[in-house]
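Containing PDB, C-alpha atoms, pLDDT in the B column: coords.pdb.
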```pdb
ATOM      1  CA  GLU N 528     -42.738  -1.764  21.071  1.00 45.00           C
ATOM      2  CA  SER N 529     -41.793   1.599  19.604  1.00 55.00           C
ATOM      3  CA  LYS N 530     -40.765   2.921  23.029  1.00 51.00           C
ATOM      4  CA  LEU N 531     -38.678  -0.168  23.712  1.00 49.00           C
ATOM      5  CA  LEU N 532     -37.060   0.197  20.298  1.00 51.00           C
ATOM      6  CA  GLN N 533     -36.284   3.864  20.947  1.00 54.00           C
ATOM      7  CA  LEU N 534     -34.736   3.004  24.313  1.00 50.00           C
ATOM      8  CA  ALA N 535     -32.631   0.271  22.728  1.00 50.00           C
ATOM      9  CA  VAL N 536     -31.423   2.594  19.972  1.00 51.00           C
ATOM     10  CA  GLN N 537     -30.676   5.350  22.476  1.00 54.00           C
ATOM     11  CA  PHE N 538     -28.747   2.960  24.733  1.00 52.00           C
ATOM     12  CA  LYS N 539     -26.723   1.644  21.808  1.00 57.00           C
ATOM     13  CA  TRP N 540     -25.995   5.175  20.585  1.00 56.00           C
ATOM     14  CA  GLN N 541     -24.788   6.216  24.043  1.00 62.00           C
ATOM     15  CA  ARG N 542     -22.293   3.365  23.935  1.00 66.00           C
ATOM     16  CA  VAL N 543     -20.876   4.278  20.514  1.00 70.00           C
ATOM     17  CA  GLU N 544     -21.221   8.066  20.705  1.00 73.00           C
ATOM     18  CA  SER N 545     -17.935   8.524  22.525  1.00 77.00           C
ATOM     19  CA  LEU N 546     -16.139   6.340  19.965  1.00 79.00           C
ATOM     20  CA  ALA N 547     -17.680   8.290  17.087  1.00 81.00           C
ATOM     21  CA  ARG N 548     -16.673  11.620  18.620  1.00 83.00           C
ATOM     22  CA  TYR N 549     -13.166  10.318  19.291  1.00 85.00           C
ATOM     23  CA  ALA N 550     -12.774   9.201  15.664  1.00 85.00           C
ATOM     24  CA  LEU N 551     -14.113  12.549  14.426  1.00 87.00           C
ATOM     25  CA  ILE N 552     -11.737  14.547  16.637  1.00 91.00           C
ATOM     26  CA  LEU N 553      -8.737  12.490  15.516  1.00 91.00           C
ATOM     27  CA  PHE N 554      -9.588  12.988  11.862  1.00 92.00           C
ATOM     28  CA  ILE N 555     -10.152  16.720  12.325  1.00 93.00           C
ATOM     29  CA  VAL N 556      -6.709  16.983  13.944  1.00 94.00           C
ATOM     30  CA  HIS N 557      -5.246  15.102  10.976  1.00 94.00           C
ATOM     31  CA  PHE N 558      -7.147  17.360   8.552  1.00 94.00           C
ATOM     32  CA  VAL N 559      -5.999  20.571  10.264  1.00 94.00           C
ATOM     33  CA  LEU N 560      -2.399  19.325  10.344  1.00 95.00           C
ATOM     34  CA  MET N 561      -2.532  18.482   6.644  1.00 94.00           C
ATOM     35  CA  CYS N 562      -3.995  21.887   5.715  1.00 94.00           C
ATOM     36  CA  ALA N 563      -1.440  23.758   7.839  1.00 94.00           C
ATOM     37  CA  THR N 564       1.451  21.773   6.373  1.00 93.00           C
ATOM     38  CA  LEU N 565       0.404  22.225   2.760  1.00 93.00           C
ATOM     39  CA  ILE N 566      -0.457  25.906   3.179  1.00 92.00           C
ATOM     40  CA  TYR N 567       2.906  26.588   4.817  1.00 89.00           C
ATOM     41  CA  ASP N 568       4.709  24.639   2.101  1.00 89.00           C
ATOM     42  CA  THR N 569       2.916  26.297  -0.811  1.00 87.00           C
ATOM     43  CA  GLN N 570       3.400  29.787   0.673  1.00 83.00           C
ATOM     44  CA  ASP N 571       7.105  29.024   0.672  1.00 75.00           C
ATOM     45  CA  HIS N 572       6.772  28.079  -3.019  1.00 70.00           C
ATOM     46  CA  LEU N 573       5.154  31.453  -3.673  1.00 71.00           C
ATOM     47  CA  GLU N 574       7.990  33.399  -2.069  1.00 67.00           C
ATOM     48  CA  ARG N 575      10.635  31.341  -3.858  1.00 67.00           C
ATOM     49  CA  ASN N 576       8.667  31.476  -7.123  1.00 64.00           C
ATOM     50  CA  ALA N 577       9.073  27.718  -7.317  1.00 64.00           C
ATOM     51  CA  CYS N 578       6.091  27.025  -9.564  1.00 71.00           C
ATOM     52  CA  PRO N 579       5.275  29.889 -11.982  1.00 62.00           C
ATOM     53  CA  VAL N 580       2.598  28.074 -13.954  1.00 53.00           C
ATOM     54  CA  THR N 581       0.149  30.855 -14.854  1.00 48.00           C
ATOM     55  CA  SER N 582       0.469  34.276 -16.343  1.00 41.00           C
ATOM     56  CA  GLY N 583      -1.277  35.715 -13.308  1.00 42.00           C
ATOM     57  CA  ASP N 584       1.415  34.398 -10.986  1.00 43.00           C
ATOM     58  CA  LEU N 585       4.334  35.514 -13.115  1.00 39.00           C
ATOM     59  CA  TRP N 586       4.727  38.477 -15.396  1.00 37.00           C
ATOM     60  CA  GLU N 587       7.637  39.686 -17.427  1.00 41.00           C
ATOM     61  CA  SER N 588       9.031  43.104 -16.708  1.00 36.00           C
ATOM     62  CA  SER N 589       9.145  45.156 -19.885  1.00 35.00           C
ATOM     63  CA  VAL N 590      12.076  47.187 -18.586  1.00 37.00           C
ATOM     64  CA  SER N 591      14.516  44.672 -17.163  1.00 40.00           C
ATOM     65  CA  GLY N 592      13.194  41.510 -18.740  1.00 42.00           C
ATOM     66  CA  GLN N 593      13.336  39.730 -15.367  1.00 44.00           C
ATOM     67  CA  ALA N 594      10.577  37.550 -13.933  1.00 41.00           C
ATOM     68  CA  VAL N 595       8.747  39.212 -11.058  1.00 39.00           C
ATOM     69  CA  THR N 596       6.142  37.578  -8.829  1.00 41.00           C
ATOM     70  CA  ASP N 597       3.001  39.609  -8.111  1.00 42.00           C
ATOM     71  CA  GLY N 598       2.676  40.549  -4.464  1.00 40.00           C
ATOM     72  CA  MET N 599       6.026  39.048  -3.403  1.00 40.00           C
ATOM     73  CA  ASP N 600       8.198  40.935  -0.987  1.00 43.00           C
ATOM     74  CA  SER N 601      11.535  41.240  -2.777  1.00 40.00           C
ATOM     75  CA  SER N 602      13.275  43.004   0.092  1.00 38.00           C
ATOM     76  CA  PRO N 603      16.807  41.633   0.582  1.00 36.00           C
ATOM     77  CA  HIS N 604      16.471  42.156   4.359  1.00 36.00           C
ATOM     78  CA  ARG N 605      13.813  39.447   4.610  1.00 37.00           C
ATOM     79  CA  PRO N 606      15.399  35.960   4.452  1.00 39.00           C
ATOM     80  CA  THR N 607      12.650  33.744   3.027  1.00 52.00           C
ATOM     81  CA  SER N 608      14.396  30.549   4.254  1.00 72.00           C
ATOM     82  CA  CYS N 609      14.025  31.539   7.912  1.00 70.00           C
ATOM     83  CA  ALA N 610      10.913  30.796   9.956  1.00 65.00           C
ATOM     84  CA  PHE N 611      11.786  32.573  13.214  1.00 66.00           C
ATOM     85  CA  LEU N 612      14.175  35.520  13.653  1.00 68.00           C
ATOM     86  CA  TYR N 613      15.735  37.035  16.746  1.00 63.00           C
ATOM     87  CA  THR N 614      17.818  40.150  17.240  1.00 68.00           C
ATOM     88  CA  GLY N 615      21.272  39.525  18.638  1.00 66.00           C
ATOM     89  CA  ALA N 616      23.359  41.692  20.912  1.00 67.00           C
ATOM     90  CA  ASP N 617      24.968  43.261  17.858  1.00 69.00           C
ATOM     91  CA  GLY N 618      21.558  44.443  16.666  1.00 69.00           C
ATOM     92  CA  ALA N 619      21.586  42.154  13.640  1.00 70.00           C
ATOM     93  CA  ALA N 620      18.839  39.684  12.809  1.00 69.00           C
ATOM     94  CA  HIS N 621      19.730  36.029  13.191  1.00 67.00           C
ATOM     95  CA  CYS N 622      17.778  32.965  12.150  1.00 72.00           C
ATOM     96  CA  LEU N 623      16.549  30.827  15.037  1.00 69.00           C
ATOM     97  CA  VAL N 624      14.703  28.123  13.068  1.00 72.00           C
ATOM     98  CA  HIS N 625      14.872  27.548   9.328  1.00 78.00           C
ATOM     99  CA  ARG N 626      11.749  26.896   7.296  1.00 78.00           C
ATOM    100  CA  SER N 627      13.114  23.597   6.076  1.00 81.00           C
ATOM    101  CA  ALA N 628      13.307  22.329   9.664  1.00 83.00           C
ATOM    102  CA  VAL N 629       9.725  23.439  10.382  1.00 85.00           C
ATOM    103  CA  LEU N 630       8.467  21.817   7.182  1.00 87.00           C
ATOM    104  CA  ASP N 631      10.306  18.573   7.943  1.00 89.00           C
ATOM    105  CA  ALA N 632       8.725  18.452  11.401  1.00 91.00           C
ATOM    106  CA  MET N 633       5.253  19.166  10.015  1.00 92.00           C
ATOM    107  CA  TYR N 634       5.576  16.577   7.257  1.00 94.00           C
ATOM    108  CA  SER N 635       6.855  14.016   9.778  1.00 94.00           C
ATOM    109  CA  ALA N 636       3.802  14.591  11.961  1.00 95.00           C
ATOM    110  CA  LEU N 637       1.583  14.388   8.869  1.00 95.00           C
ATOM    111  CA  PHE N 638       3.202  11.076   7.916  1.00 96.00           C
ATOM    112  CA  VAL N 639       2.423   9.647  11.364  1.00 95.00           C
ATOM    113  CA  SER N 640      -1.216  10.800  11.306  1.00 94.00           C
ATOM    114  CA  ASN N 641      -1.742   9.630   7.726  1.00 95.00           C
ATOM    115  CA  SER N 642      -0.231   6.240   8.560  1.00 95.00           C
ATOM    116  CA  TYR N 643      -2.695   5.960  11.440  1.00 94.00           C
ATOM    117  CA  MET N 644      -5.557   6.641   9.030  1.00 93.00           C
ATOM    118  CA  LEU N 645      -4.142   3.971   6.720  1.00 94.00           C
ATOM    119  CA  LEU N 646      -4.090   1.449   9.570  1.00 94.00           C
ATOM    120  CA  GLN N 647      -7.712   2.269  10.368  1.00 90.00           C
ATOM    121  CA  GLU N 648      -8.647   1.685   6.733  1.00 90.00           C
ATOM    122  CA  LEU N 649      -6.756  -1.621   6.648  1.00 91.00           C
ATOM    123  CA  ARG N 650      -8.625  -2.606   9.790  1.00 90.00           C
ATOM    124  CA  GLU N 651     -11.929  -2.042   8.001  1.00 87.00           C
ATOM    125  CA  VAL N 652     -10.711  -4.189   5.111  1.00 88.00           C
ATOM    126  CA  TRP N 653      -9.712  -6.957   7.539  1.00 89.00           C
ATOM    127  CA  GLU N 654     -13.099  -6.846   9.269  1.00 86.00           C
ATOM    128  CA  ALA N 655     -14.855  -7.081   5.900  1.00 85.00           C
ATOM    129  CA  LEU N 656     -12.720 -10.103   4.994  1.00 86.00           C
ATOM    130  CA  GLU N 657     -13.453 -11.810   8.314  1.00 86.00           C
ATOM    131  CA  GLU N 658     -17.211 -11.388   7.895  1.00 84.00           C
ATOM    132  CA  SER N 659     -17.165 -12.728   4.325  1.00 82.00           C
ATOM    133  CA  THR N 660     -16.771 -16.239   3.005  1.00 82.00           C
ATOM    134  CA  SER N 661     -14.060 -15.330   0.494  1.00 83.00           C
ATOM    135  CA  VAL N 662     -11.511 -12.642  -0.236  1.00 84.00           C
ATOM    136  CA  TYR N 663     -13.447 -11.539  -3.307  1.00 84.00           C
ATOM    137  CA  GLN N 664     -16.632 -11.194  -1.291  1.00 86.00           C
ATOM    138  CA  GLY N 665     -14.812  -9.193   1.406  1.00 84.00           C
ATOM    139  CA  VAL N 666     -13.283  -6.802  -1.115  1.00 84.00           C
ATOM    140  CA  LYS N 667     -16.686  -6.463  -2.782  1.00 86.00           C
ATOM    141  CA  VAL N 668     -18.294  -5.547   0.541  1.00 85.00           C
ATOM    142  CA  PHE N 669     -15.576  -2.972   1.234  1.00 84.00           C
ATOM    143  CA  CYS N 670     -15.896  -1.423  -2.229  1.00 86.00           C
ATOM    144  CA  SER N 671     -19.684  -1.295  -2.004  1.00 86.00           C
ATOM    145  CA  ASP N 672     -19.362   1.712   0.323  1.00 84.00           C
ATOM    146  CA  VAL N 673     -18.552   4.776  -1.797  1.00 86.00           C
ATOM    147  CA  TRP N 674     -17.101   6.593   1.207  1.00 87.00           C
ATOM    148  CA  ASN N 675     -14.225   4.090   1.318  1.00 89.00           C
ATOM    149  CA  PHE N 676     -13.026   5.317  -2.067  1.00 91.00           C
ATOM    150  CA  PHE N 677     -12.727   8.853  -0.695  1.00 91.00           C
ATOM    151  CA  ASP N 678     -10.846   7.540   2.353  1.00 91.00           C
ATOM    152  CA  VAL N 679      -8.364   5.499   0.316  1.00 93.00           C
ATOM    153  CA  GLY N 680      -7.955   8.302  -2.227  1.00 93.00           C
ATOM    154  CA  SER N 681      -7.280  10.917   0.448  1.00 93.00           C
ATOM    155  CA  ILE N 682      -4.669   8.719   2.133  1.00 94.00           C
ATOM    156  CA  ALA N 683      -2.924   8.000  -1.182  1.00 95.00           C
ATOM    157  CA  MET N 684      -2.962  11.677  -2.176  1.00 94.00           C
ATOM    158  CA  VAL N 685      -1.280  12.699   1.075  1.00 95.00           C
ATOM    159  CA  TYR N 686       1.504  10.153   0.539  1.00 95.00           C
ATOM    160  CA  TRP N 687       1.990  11.298  -3.060  1.00 95.00           C
ATOM    161  CA  THR N 688       2.093  14.919  -1.940  1.00 94.00           C
ATOM    162  CA  MET N 689       4.800  14.114   0.607  1.00 94.00           C
ATOM    163  CA  ALA N 690       6.770  12.264  -2.065  1.00 93.00           C
ATOM    164  CA  ALA N 691       6.494  15.295  -4.353  1.00 91.00           C
ATOM    165  CA  HIS N 692       7.716  17.546  -1.526  1.00 91.00           C
ATOM    166  CA  TYR N 693      10.802  15.469  -0.822  1.00 90.00           C
ATOM    167  CA  THR N 694      11.605  15.268  -4.548  1.00 90.00           C
ATOM    168  CA  ASP N 695      11.343  19.092  -4.660  1.00 87.00           C
ATOM    169  CA  ASN N 696       8.510  19.139  -7.191  1.00 88.00           C
ATOM    170  CA  ALA N 697       6.657  22.291  -6.148  1.00 87.00           C
ATOM    171  CA  CYS N 698       4.036  22.230  -8.897  1.00 89.00           C
ATOM    172  CA  LEU N 699       3.100  18.629  -8.114  1.00 90.00           C
ATOM    173  CA  VAL N 700       2.831  19.447  -4.411  1.00 91.00           C
ATOM    174  CA  GLN N 701       0.296  22.175  -5.190  1.00 90.00           C
ATOM    175  CA  GLN N 702      -1.803  19.989  -7.494  1.00 91.00           C
ATOM    176  CA  LEU N 703      -1.787  16.813  -5.389  1.00 92.00           C
ATOM    177  CA  GLY N 704      -2.123  18.804  -2.164  1.00 92.00           C
ATOM    178  CA  ALA N 705      -5.286  20.485  -3.409  1.00 93.00           C
ATOM    179  CA  MET N 706      -6.786  17.092  -4.284  1.00 94.00           C
ATOM    180  CA  ALA N 707      -5.777  15.686  -0.894  1.00 93.00           C
ATOM    181  CA  ILE N 708      -7.533  18.523   0.945  1.00 94.00           C
ATOM    182  CA  ILE N 709     -10.741  18.098  -1.073  1.00 94.00           C
ATOM    183  CA  LEU N 710     -10.856  14.323  -0.551  1.00 93.00           C
ATOM    184  CA  ASN N 711     -10.105  14.631   3.167  1.00 92.00           C
ATOM    185  CA  SER N 712     -12.833  17.234   3.606  1.00 92.00           C
ATOM    186  CA  ILE N 713     -15.315  14.758   2.110  1.00 90.00           C
ATOM    187  CA  SER N 714     -14.030  12.104   4.530  1.00 89.00           C
ATOM    188  CA  VAL N 715     -14.775  14.483   7.400  1.00 89.00           C
ATOM    189  CA  LEU N 716     -18.412  14.553   6.256  1.00 87.00           C
ATOM    190  CA  GLN N 717     -18.498  10.775   6.476  1.00 85.00           C
ATOM    191  CA  LEU N 718     -17.543  10.865  10.161  1.00 85.00           C
ATOM    192  CA  MET N 719     -20.223  13.482  10.840  1.00 86.00           C
ATOM    193  CA  ARG N 720     -23.056  11.261   9.612  1.00 84.00           C
ATOM    194  CA  PRO N 721     -23.761   9.429  12.916  1.00 80.00           C
ATOM    195  CA  PHE N 722     -24.615  12.658  14.752  1.00 80.00           C
ATOM    196  CA  THR N 723     -28.172  13.952  14.825  1.00 79.00           C
ATOM    197  CA  GLU N 724     -27.102  17.577  14.199  1.00 82.00           C
ATOM    198  CA  THR N 725     -25.408  16.798  10.881  1.00 84.00           C
ATOM    199  CA  GLY N 726     -26.416  13.284   9.796  1.00 81.00           C
ATOM    200  CA  ALA N 727     -29.828  14.215   8.382  1.00 85.00           C
ATOM    201  CA  LEU N 728     -28.399  17.203   6.482  1.00 89.00           C
ATOM    202  CA  ILE N 729     -25.625  15.131   4.896  1.00 86.00           C
ATOM    203  CA  GLN N 730     -28.104  12.437   3.874  1.00 86.00           C
ATOM    204  CA  THR N 731     -30.351  15.111   2.349  1.00 89.00           C
ATOM    205  CA  ILE N 732     -27.469  16.434   0.244  1.00 87.00           C
ATOM    206  CA  ILE N 733     -26.652  12.897  -0.918  1.00 85.00           C
ATOM    207  CA  GLU N 734     -30.244  12.298  -1.974  1.00 88.00           C
ATOM    208  CA  ILE N 735     -30.363  15.633  -3.850  1.00 89.00           C
ATOM    209  CA  ILE N 736     -27.188  14.707  -5.753  1.00 85.00           C
ATOM    210  CA  LYS N 737     -28.737  11.354  -6.664  1.00 84.00           C
ATOM    211  CA  ASP N 738     -31.919  13.039  -7.887  1.00 88.00           C
ATOM    212  CA  ILE N 739     -30.105  15.414 -10.261  1.00 89.00           C
ATOM    213  CA  ARG N 740     -27.892  12.781 -11.875  1.00 87.00           C
ATOM    214  CA  GLY N 741     -29.596  13.294 -15.227  1.00 89.00           C
ATOM    215  CA  PHE N 742     -28.909  17.016 -15.077  1.00 89.00           C
ATOM    216  CA  TRP N 743     -25.209  16.322 -14.423  1.00 88.00           C
ATOM    217  CA  TYR N 744     -25.087  13.988 -17.432  1.00 91.00           C
ATOM    218  CA  ILE N 745     -26.497  16.710 -19.675  1.00 93.00           C
ATOM    219  CA  CYS N 746     -24.070  19.334 -18.315  1.00 93.00           C
ATOM    220  CA  THR N 747     -21.136  16.971 -18.805  1.00 93.00           C
ATOM    221  CA  VAL N 748     -22.004  16.323 -22.451  1.00 95.00           C
ATOM    222  CA  ILE N 749     -22.427  20.052 -23.147  1.00 95.00           C
ATOM    223  CA  LEU N 750     -19.167  20.980 -21.383  1.00 94.00           C
ATOM    224  CA  ILE N 751     -17.182  18.327 -23.241  1.00 95.00           C
ATOM    225  CA  GLY N 752     -18.673  19.465 -26.548  1.00 94.00           C
ATOM    226  CA  PHE N 753     -17.865  23.154 -26.007  1.00 93.00           C
ATOM    227  CA  THR N 754     -14.395  22.329 -24.663  1.00 92.00           C
ATOM    228  CA  CYS N 755     -13.511  20.315 -27.739  1.00 94.00           C
ATOM    229  CA  ALA N 756     -15.045  22.956 -30.017  1.00 93.00           C
ATOM    230  CA  PHE N 757     -12.995  25.793 -28.471  1.00 89.00           C
ATOM    231  CA  THR N 758      -9.863  23.639 -28.608  1.00 89.00           C
ATOM    232  CA  VAL N 759     -10.349  23.073 -32.324  1.00 93.00           C
ATOM    233  CA  CYS N 760     -11.311  26.697 -32.984  1.00 90.00           C
ATOM    234  CA  GLU N 761      -8.456  28.172 -30.941  1.00 83.00           C
ATOM    235  CA  PRO N 762      -5.591  25.654 -31.057  1.00 77.00           C
ATOM    236  CA  GLN N 763      -3.068  28.194 -29.805  1.00 71.00           C
TER
END
```

Taking this structure as input, can you express it in the form of structure tokens?
Amino acid sequence: ESKLLQLAVQFKWQRVESLARYALILFIVHFVLMCATLIYDTQDHLERNACPVTSGDLWESSVSGQAVTDGMDSSPHRPTSCAFLYTGADGAAHCLVHRSAVLDAMYSALFVSNSYMLLQELREVWEALEESTSVYQGVKVFCSDVWNFFDVGSIAMVYWTMAAHYTDNACLVQQLGAMAIILNSISVLQLMRPFTETGALIQTIIEIIKDIRGFWYICTVILIGFTCAFTVCEPQ
């Protein structure tokens, strides 16, 4: 019986392996596109000094009193709004493609890929509703899988990041973009679970996290206590 069961499992896995690999490849492409878009956008923020939020990013010059960004090339011969330059017949540098056009194209592609991920998530919701006797039961089944929260959160964060970009809120793009990358990286782990090379390792990490829940509770209480104590002691 064990041999027959192993053959059945192996046959079933061979049928779904290609679908699992296809879904993983699609999500990795989406993840790489998102990282490239956000990195390119935030590097543009750095050169334009669009979000000077920390003292390490921005320091005041004691001589001129002007804000200077650490590590930024302030050369006037380098147009920061241009993505690709070419030298004309007159020997002068001309802009071939502006950064705004490249960013618009990258964000458009990211919108398409993120919308595809949203459709896949809505499909899972629909399948859960079809297999359940009521809408409440279907939503309960969908929410019972913790991984779905990471999927929905990552999709929402990408949309919010795009909204922040088009409203020209550089600081919000950096904050929401960082959260979107973290959530999407966790979603990549979810798609790696069916494979023998990574599935057992991911499950081991999950079990370790479950086993040290008490330790996390203790650390959380201590961190909150010290944070509040330092806030009261040093209100400035």

Give me the result of the PyMOL selection byres ((chain N and resi 568) around 10) on this file, residue by residue, as a compact mmCIF listing (two decimals) with C-alpha atoms, in the coordinates of the input.
```txt
# COMPACT_ATOMS: atom_id res chain seq x y z
CA CYS N 562 -4.00 21.89 5.72
CA ALA N 563 -1.44 23.76 7.84
CA THR N 564 1.45 21.77 6.37
CA LEU N 565 0.40 22.22 2.76
CA ILE N 566 -0.46 25.91 3.18
CA TYR N 567 2.91 26.59 4.82
CA THR N 569 2.92 26.30 -0.81
CA GLN N 570 3.40 29.79 0.67
CA ASP N 571 7.10 29.02 0.67
CA HIS N 572 6.77 28.08 -3.02
CA LEU N 573 5.15 31.45 -3.67
CA ARG N 626 11.75 26.90 7.30
CA SER N 627 13.11 23.60 6.08
CA VAL N 629 9.72 23.44 10.38
CA LEU N 630 8.47 21.82 7.18
CA MET N 633 5.25 19.17 10.02
CA TYR N 634 5.58 16.58 7.26
CA HIS N 692 7.72 17.55 -1.53
CA ALA N 697 6.66 22.29 -6.15
CA VAL N 700 2.83 19.45 -4.41
CA GLN N 701 0.30 22.18 -5.19
CA GLY N 704 -2.12 18.80 -2.16
```

Query raised in the report: Using only C-alpha atoms, which residue out of N:Thr731, N:Thr747, N:Asn675, N:Thr688 lies closest to Leu637 of chain N?
Result: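 Nearest to Leu637 of chain N: N:Thr688.
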
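Residues matched by the PyMOL selection byres ((chain N and resi 685) around 8) in this file: Asn641, Ser681, Ile682, Ala683, Met684, Tyr686, Trp687, Thr688, Met689, Leu703, Gly704 and Ala707 of chain N.
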
**Report entry** Counting only C-alpha atoms, the residue of N:Thr694, N:Ser640, N:Ser712, N:Gln730 that sits nearest Val556 of chain N
**Finding:**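 Smallest separation from Val556 of chain N among the options: N:Ser640.
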
Report task. Grab the atom CA of Trp653 of chain N to atom CA of Gly680 of chain N distance for me, in Å with one decimal place. Result ->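 One can read the atom CA of Trp653 of chain N to atom CA of Gly680 of chain N distance as 18.2 Å.
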
Query raised in the report: On this structure, which residues satisfy the PyMOL selection byres ((chain N and resi 677) around 8), written as a ChimeraX atom specification?
Result: /N:673-676,678-681,710-711,713-714

Based on the selection just made, write C-alpha atoms of those residues as a JSON list (two decimals), in the coordinates of the input.
```json
[["chain", "number", "residue", "atom", "x", "y", "z"],
["N", 673, "VAL", "CA", -18.55, 4.78, -1.80],
["N", 674, "TRP", "CA", -17.10, 6.59, 1.21],
["N", 675, "ASN", "CA", -14.22, 4.09, 1.32],
["N", 676, "PHE", "CA", -13.03, 5.32, -2.07],
["N", 678, "ASP", "CA", -10.85, 7.54, 2.35],
["N", 679, "VAL", "CA", -8.36, 5.50, 0.32],
["N", 680, "GLY", "CA", -7.96, 8.30, -2.23],
["N", 681, "SER", "CA", -7.28, 10.92, 0.45],
["N", 710, "LEU", "CA", -10.86, 14.32, -0.55],
["N", 711, "ASN", "CA", -10.10, 14.63, 3.17],
["N", 713, "ILE", "CA", -15.32, 14.76, 2.11],
["N", 714, "SER", "CA", -14.03, 12.10, 4.53]]
```

Query raised in the report: What does the distance between atom CA of Ile739 of chain N and atom CA of Thr725 of chain N come to in Å, to one decimal place?
Result: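 Atom CA of Thr725 of chain N lies at a distance of 21.7 Å from atom CA of Ile739 of chain N.
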
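Picture a line from atom CA of Leu551 of chain N to atom CA of Phe638 of chain N; it runs 18.6 Å.
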